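This is query-v8.pdb (PDB, C-alpha atoms).
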MODEL        1
ATOM      1  CA  MET A   1     137.068 104.163  78.155  1.00  0.00           C
ATOM      2  CA  THR A   2     139.884 102.476  76.305  1.00  0.00           C
ATOM      3  CA  PRO A   3     140.581  98.867  77.272  1.00  0.00           C
ATOM      4  CA  ARG A   4     143.959  97.863  78.602  1.00  0.00           C
ATOM      5  CA  PHE A   5     145.058  94.512  77.193  1.00  0.00           C
ATOM      6  CA  ARG A   6     147.448  92.448  79.309  1.00  0.00           C
ATOM      7  CA  LEU A   7     148.465  88.990  80.378  1.00  0.00           C
ATOM      8  CA  ALA A   8     146.116  87.614  83.015  1.00  0.00           C
ATOM      9  CA  SER A   9     147.418  86.752  86.471  1.00  0.00           C
ATOM     10  CA  MET A  10     146.029  84.429  89.128  1.00  0.00           C
ATOM     11  CA  THR A  11     144.564  87.474  90.896  1.00  0.00           C
ATOM     12  CA  ASP A  12     142.261  87.782  87.853  1.00  0.00           C
ATOM     13  CA  LEU A  13     140.981  84.205  88.089  1.00  0.00           C
ATOM     14  CA  ASP A  14     137.740  84.897  89.963  1.00  0.00           C
ATOM     15  CA  ALA A  15     136.805  87.776  87.643  1.00  0.00           C
ATOM     16  CA  VAL A  16     137.633  85.753  84.518  1.00  0.00           C
ATOM     17  CA  VAL A  17     135.606  82.765  85.780  1.00  0.00           C
ATOM     18  CA  ALA A  18     132.649  85.046  86.600  1.00  0.00           C
ATOM     19  CA  LEU A  19     132.831  86.626  83.134  1.00  0.00           C
ATOM     20  CA  ASP A  20     133.065  83.212  81.495  1.00  0.00           C
ATOM     21  CA  ARG A  21     130.027  81.937  83.409  1.00  0.00           C
ATOM     22  CA  SER A  22     127.950  85.027  82.660  1.00  0.00           C
ATOM     23  CA  VAL A  23     128.593  84.660  78.933  1.00  0.00           C
ATOM     24  CA  ARG A  24     128.170  80.888  78.704  1.00  0.00           C
ATOM     25  CA  ASP A  25     124.940  81.029  80.705  1.00  0.00           C
ATOM     26  CA  GLY A  26     123.570  83.906  78.596  1.00  0.00           C
ATOM     27  CA  SER A  27     120.272  83.481  76.816  1.00  0.00           C
ATOM     28  CA  ASP A  28     121.974  84.298  73.490  1.00  0.00           C
ATOM     29  CA  GLN A  29     124.321  81.302  73.737  1.00  0.00           C
ATOM     30  CA  PRO A  30     123.763  77.886  72.145  1.00  0.00           C
ATOM     31  CA  ASP A  31     123.013  74.970  74.477  1.00  0.00           C
ATOM     32  CA  HIS A  32     126.490  73.526  73.937  1.00  0.00           C
ATOM     33  CA  ALA A  33     128.327  76.729  74.985  1.00  0.00           C
ATOM     34  CA  GLY A  34     129.584  75.425  78.304  1.00  0.00           C
ATOM     35  CA  GLU A  35     129.957  71.735  77.620  1.00  0.00           C
ATOM     36  CA  TRP A  36     133.520  71.432  76.371  1.00  0.00           C
ATOM     37  CA  LEU A  37     135.582  72.831  79.249  1.00  0.00           C
ATOM     38  CA  GLU A  38     136.769  69.783  81.156  1.00  0.00           C
ATOM     39  CA  PRO A  39     137.080  69.043  83.967  1.00  0.00           C
ATOM     40  CA  SER A  40     135.632  72.510  84.726  1.00  0.00           C
ATOM     41  CA  SER A  41     135.872  76.052  83.445  1.00  0.00           C
ATOM     42  CA  GLU A  42     137.594  77.106  86.675  1.00  0.00           C
ATOM     43  CA  GLU A  43     140.319  74.487  86.241  1.00  0.00           C
ATOM     44  CA  ALA A  44     140.755  75.207  82.534  1.00  0.00           C
ATOM     45  CA  LEU A  45     141.000  78.960  83.124  1.00  0.00           C
ATOM     46  CA  ALA A  46     143.416  78.508  86.040  1.00  0.00           C
ATOM     47  CA  ALA A  47     145.613  76.287  83.853  1.00  0.00           C
ATOM     48  CA  TRP A  48     145.603  78.810  80.996  1.00  0.00           C
ATOM     49  CA  ILE A  49     146.436  81.667  83.354  1.00  0.00           C
ATOM     50  CA  GLY A  50     149.173  79.609  85.017  1.00  0.00           C
ATOM     51  CA  ALA A  51     150.671  78.763  81.629  1.00  0.00           C
ATOM     52  CA  GLY A  52     150.719  82.423  80.541  1.00  0.00           C
ATOM     53  CA  GLU A  53     148.164  81.764  77.794  1.00  0.00           C
ATOM     54  CA  CYS A  54     145.224  83.842  79.040  1.00  0.00           C
ATOM     55  CA  HIS A  55     145.004  87.564  78.330  1.00  0.00           C
ATOM     56  CA  VAL A  56     142.415  90.067  79.502  1.00  0.00           C
ATOM     57  CA  ALA A  57     140.896  93.354  78.437  1.00  0.00           C
ATOM     58  CA  GLU A  58     140.443  95.550  81.464  1.00  0.00           C
ATOM     59  CA  ILE A  59     138.257  98.657  81.562  1.00  0.00           C
ATOM     60  CA  GLY A  60     138.019 100.774  84.686  1.00  0.00           C
ATOM     61  CA  GLY A  61     139.423  97.970  86.798  1.00  0.00           C
ATOM     62  CA  ARG A  62     136.904  95.431  85.462  1.00  0.00           C
ATOM     63  CA  ILE A  63     137.635  92.462  83.216  1.00  0.00           C
ATOM     64  CA  ALA A  64     135.562  93.030  80.068  1.00  0.00           C
ATOM     65  CA  ALA A  65     136.979  90.197  77.953  1.00  0.00           C
ATOM     66  CA  TYR A  66     139.522  87.423  77.886  1.00  0.00           C
ATOM     67  CA  GLY A  67     141.348  85.546  75.166  1.00  0.00           C
ATOM     68  CA  VAL A  68     143.461  82.415  75.166  1.00  0.00           C
ATOM     69  CA  LEU A  69     146.449  82.100  72.851  1.00  0.00           C
ATOM     70  CA  HIS A  70     148.609  79.018  72.613  1.00  0.00           C
ATOM     71  CA  ASN A  71     150.856  77.209  70.156  1.00  0.00           C
ATOM     72  CA  HIS A  72     149.046  73.869  70.106  1.00  0.00           C
ATOM     73  CA  PHE A  73     147.504  73.916  66.630  1.00  0.00           C
ATOM     74  CA  PHE A  74     149.977  71.834  64.664  1.00  0.00           C
ATOM     75  CA  HIS A  75     152.704  73.836  66.476  1.00  0.00           C
ATOM     76  CA  ASP A  76     151.220  77.125  65.272  1.00  0.00           C
ATOM     77  CA  PRO A  77     149.578  79.797  67.421  1.00  0.00           C
ATOM     78  CA  ILE A  78     145.813  79.656  67.816  1.00  0.00           C
ATOM     79  CA  ILE A  79     143.340  81.915  69.517  1.00  0.00           C
ATOM     80  CA  ASP A  80     141.588  79.116  71.333  1.00  0.00           C
ATOM     81  CA  MET A  81     139.042  81.233  73.150  1.00  0.00           C
ATOM     82  CA  LEU A  82     137.677  84.769  72.963  1.00  0.00           C
ATOM     83  CA  ILE A  83     134.968  85.844  75.396  1.00  0.00           C
ATOM     84  CA  VAL A  84     133.559  89.369  75.617  1.00  0.00           C
ATOM     85  CA  GLY A  85     131.114  90.251  78.378  1.00  0.00           C
ATOM     86  CA  ALA A  86     127.592  91.020  77.162  1.00  0.00           C
ATOM     87  CA  GLU A  87     127.686  94.624  78.381  1.00  0.00           C
ATOM     88  CA  TRP A  88     130.952  95.260  76.508  1.00  0.00           C
ATOM     89  CA  ARG A  89     129.981  93.893  73.104  1.00  0.00           C
ATOM     90  CA  ARG A  90     129.880  96.042  69.959  1.00  0.00           C
ATOM     91  CA  ARG A  91     132.480  98.419  71.407  1.00  0.00           C
ATOM     92  CA  GLY A  92     135.534  97.072  69.573  1.00  0.00           C
ATOM     93  CA  ILE A  93     136.858  95.062  72.520  1.00  0.00           C
ATOM     94  CA  GLY A  94     136.743  91.715  70.696  1.00  0.00           C
ATOM     95  CA  ARG A  95     138.503  93.257  67.711  1.00  0.00           C
ATOM     96  CA  GLY A  96     141.048  94.866  70.028  1.00  0.00           C
ATOM     97  CA  MET A  97     141.709  91.538  71.733  1.00  0.00           C
ATOM     98  CA  VAL A  98     142.256  89.805  68.373  1.00  0.00           C
ATOM     99  CA  ARG A  99     144.706  92.527  67.326  1.00  0.00           C
ATOM    100  CA  TYR A 100     146.490  92.384  70.694  1.00  0.00           C
ATOM    101  CA  LEU A 101     146.829  88.582  70.530  1.00  0.00           C
ATOM    102  CA  ALA A 102     148.149  88.818  66.955  1.00  0.00           C
ATOM    103  CA  THR A 103     151.021  90.956  68.272  1.00  0.00           C
ATOM    104  CA  ARG A 104     151.853  88.278  70.844  1.00  0.00           C
ATOM    105  CA  CYS A 105     151.971  85.273  68.578  1.00  0.00           C
ATOM    106  CA  ARG A 106     154.843  83.708  66.713  1.00  0.00           C
ATOM    107  CA  PRO A 107     154.539  84.450  62.961  1.00  0.00           C
ATOM    108  CA  PRO A 108     153.739  83.670  60.244  1.00  0.00           C
ATOM    109  CA  LYS A 109     150.383  81.948  60.912  1.00  0.00           C
ATOM    110  CA  LEU A 110     147.615  82.681  63.387  1.00  0.00           C
ATOM    111  CA  TRP A 111     144.661  80.314  63.556  1.00  0.00           C
ATOM    112  CA  THR A 112     141.296  80.515  65.250  1.00  0.00           C
ATOM    113  CA  SER A 113     137.841  79.024  64.897  1.00  0.00           C
ATOM    114  CA  THR A 114     134.207  79.742  65.584  1.00  0.00           C
ATOM    115  CA  ASN A 115     130.905  77.993  65.184  1.00  0.00           C
ATOM    116  CA  LEU A 116     128.809  78.446  62.070  1.00  0.00           C
ATOM    117  CA  SER A 117     126.121  79.919  64.335  1.00  0.00           C
ATOM    118  CA  ASN A 118     128.440  82.692  65.595  1.00  0.00           C
ATOM    119  CA  GLN A 119     127.859  85.333  62.940  1.00  0.00           C
ATOM    120  CA  PRO A 120     129.351  88.245  64.956  1.00  0.00           C
ATOM    121  CA  MET A 121     132.678  86.412  65.348  1.00  0.00           C
ATOM    122  CA  GLN A 122     132.729  85.495  61.654  1.00  0.00           C
ATOM    123  CA  ALA A 123     132.256  89.166  60.768  1.00  0.00           C
ATOM    124  CA  LEU A 124     135.004  90.222  63.184  1.00  0.00           C
ATOM    125  CA  LEU A 125     137.445  87.693  61.728  1.00  0.00           C
ATOM    126  CA  ALA A 126     136.692  88.759  58.151  1.00  0.00           C
ATOM    127  CA  ALA A 127     137.216  92.419  59.104  1.00  0.00           C
ATOM    128  CA  GLU A 128     140.571  91.520  60.674  1.00  0.00           C
ATOM    129  CA  GLY A 129     141.853  89.742  57.568  1.00  0.00           C
ATOM    130  CA  PHE A 130     141.267  86.119  58.571  1.00  0.00           C
ATOM    131  CA  LYS A 131     140.322  83.730  55.773  1.00  0.00           C
ATOM    132  CA  MET A 132     138.226  80.627  56.274  1.00  0.00           C
ATOM    133  CA  SER A 133     140.410  77.581  55.823  1.00  0.00           C
ATOM    134  CA  GLY A 134     137.927  74.778  56.364  1.00  0.00           C
ATOM    135  CA  PHE A 135     135.486  73.327  58.834  1.00  0.00           C
ATOM    136  CA  ILE A 136     135.038  70.439  61.233  1.00  0.00           C
ATOM    137  CA  GLU A 137     131.759  68.582  61.665  1.00  0.00           C
ATOM    138  CA  GLY A 138     130.801  66.781  64.847  1.00  0.00           C
ATOM    139  CA  LEU A 139     132.303  68.951  67.591  1.00  0.00           C
ATOM    140  CA  ASP A 140     128.968  70.600  68.380  1.00  0.00           C
ATOM    141  CA  ASP A 141     125.950  68.719  67.083  1.00  0.00           C
ATOM    142  CA  GLY A 142     124.511  70.577  64.090  1.00  0.00           C
ATOM    143  CA  ASP A 143     126.870  73.560  64.447  1.00  0.00           C
ATOM    144  CA  PRO A 144     130.104  73.036  62.452  1.00  0.00           C
ATOM    145  CA  GLU A 145     133.338  74.659  63.610  1.00  0.00           C
ATOM    146  CA  LEU A 146     134.791  77.023  60.995  1.00  0.00           C
ATOM    147  CA  ILE A 147     138.603  77.223  60.928  1.00  0.00           C
ATOM    148  CA  TYR A 148     140.258  80.562  60.106  1.00  0.00           C
ATOM    149  CA  LEU A 149     143.827  81.562  59.235  1.00  0.00           C
ATOM    150  CA  LYS A 150     145.595  84.901  59.143  1.00  0.00           C
ATOM    151  CA  LEU A 151     149.166  85.504  58.071  1.00  0.00           C
ATOM    152  CA  VAL A 152     150.826  87.809  60.601  1.00  0.00           C
TER     153      VAL A 152
ENDMDL
END
Mind converting the file's structure to structure tokens?
Amino acid sequence: MTPRFRLASMTDLDAVVALDRSVRDGSDQPDHAGEWLEPSSEEALAAWIGAGECHVAEIGGRIAAYGVLHNHFFHDPIIDMLIVGAEWRRRGIGRGMVRYLATRCRPPKLWTSTNLSNQPMQALLAAEGFKMSGFIEGLDDGDPELIYLKLV
């Protein structure tokens, strides 16, 4: 099935929170995967949805992925979060979400980041024309954050 990408609504909140938890608690995730959402993932996701910054990929009525796009990175758009459910990975949904979000951002720059340990996301970003711009040490102990830029 082809995913339908759309802006999330508050009626999606429970499904997005459940997806987020299932991914962050997955055995393939680093220990620090769920530590940064403060005060809680539910509150962060509700705020993003309320602000019109959270988008979802829906397949057969189920939320398969979500992405967060805002303009808070030095006043430029940034994909702040991209989560794809484990059962939906390697089906092009993450790539589709990146492309969808790129059509919804204000040009000319689109930023994002990922951890050094996240090889699949690095490969996706390279395939979508993002270039590494730098890195930040100290956000996640021993796992630098790689910063990426794409001109859109």
Problem set entry | Explicit residue set for the PyMOL selection byres ((chain A and resi 50) around 12), as a PyMOL selection string | chain A and resi 7-13+42-49+51-55+68
Problem set entry | Interatomic distance, atom CA of Glu145 of chain A to atom CA of Thr114 of chain A (Å, one decimal) |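 Distance between the two atoms: 5.5 Å.
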For this session: Pick out the closest residue to Arg91 of chain A from this set: A:Ile147, A:Leu69, A:Ile59, A:Ala126. Count all atoms listed in the file.
Result: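 Residue with the minimum atom-to-atom distance to Arg91 of chain A: A:Ile59.
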Problem set entry | Between atom CA of Leu139 of chain A and atom CA of Arg99 of chain A - distance in Å to one decimal |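 Atom-to-atom, atom CA of Arg99 of chain A to atom CA of Leu139 of chain A, that is 26.6 Å.
Here the question is which of A:Gly61, A:Val98, A:Asp140, A:Lys109 gets nearest to Ala127 of chain A using all atoms listed in the file, and that residue is A:Val98.
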Problem set entry | Distance query segment 79-87 of chain A at most 9 Å, only C-alpha atoms, self and fewer than 5 positions along chain excluded, as a list of chain:residue names |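 Listing them by chain and then by number gives A:Leu19, A:Asp20, A:Ser22, A:Val23, A:Gly26, A:Cys54, A:Ala57, A:Ile63, A:Ala64, A:Ala65, A:Tyr66, A:Gly67, A:Val68, A:Leu69, A:His70, A:Asn71, A:Ile93, A:Gly94, A:Met97, A:Val98, A:Leu101, A:Ala102, A:Leu110, A:Trp111, A:Thr112, A:Ser113.
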Seminar exercise, completed: Using all atoms listed in the file, the shortest atom-to-atom distance to Arg4 of chain A among A:Met132, A:Ala123, A:Val56, A:Ile78 belongs to A:Val56
Exercise. Rounded to one decimal in Å, what is the spacing between atom CA of Phe135 of chain A and atom CA of Asn118 of chain A?
Worked result: 13.5 Å
For this session: Go through A:Asp14, A:Glu58, A:Asp143, A:Asp76 and flag the residue nearest Pro108 of chain A, using all atoms listed in the file for the distances.
Result: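 Looking at the shortest contact to Pro108 of chain A, the residue is A:Asp76.
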For this session: Could you state which residues are captured by the PyMOL selection byres ((chain A and resi 131) around 6) in this file, as a ChimeraX atom specification?
Result: /A:130,132,148-149
Exercise. Of the candidates A:Cys105, A:Gly142, A:Pro120, A:Ser133, which one gets nearest to His72 of chain A if we count all atoms listed in the file?
Worked result: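 Closest to His72 of chain A, using all atoms listed in the file: A:Cys105.
For the set A:Leu116, A:Pro107, A:Gly129, A:Met121, the residue with the smallest atom-to-atom gap to Asp141 of chain A is A:Leu116, counting only C-alpha atoms.
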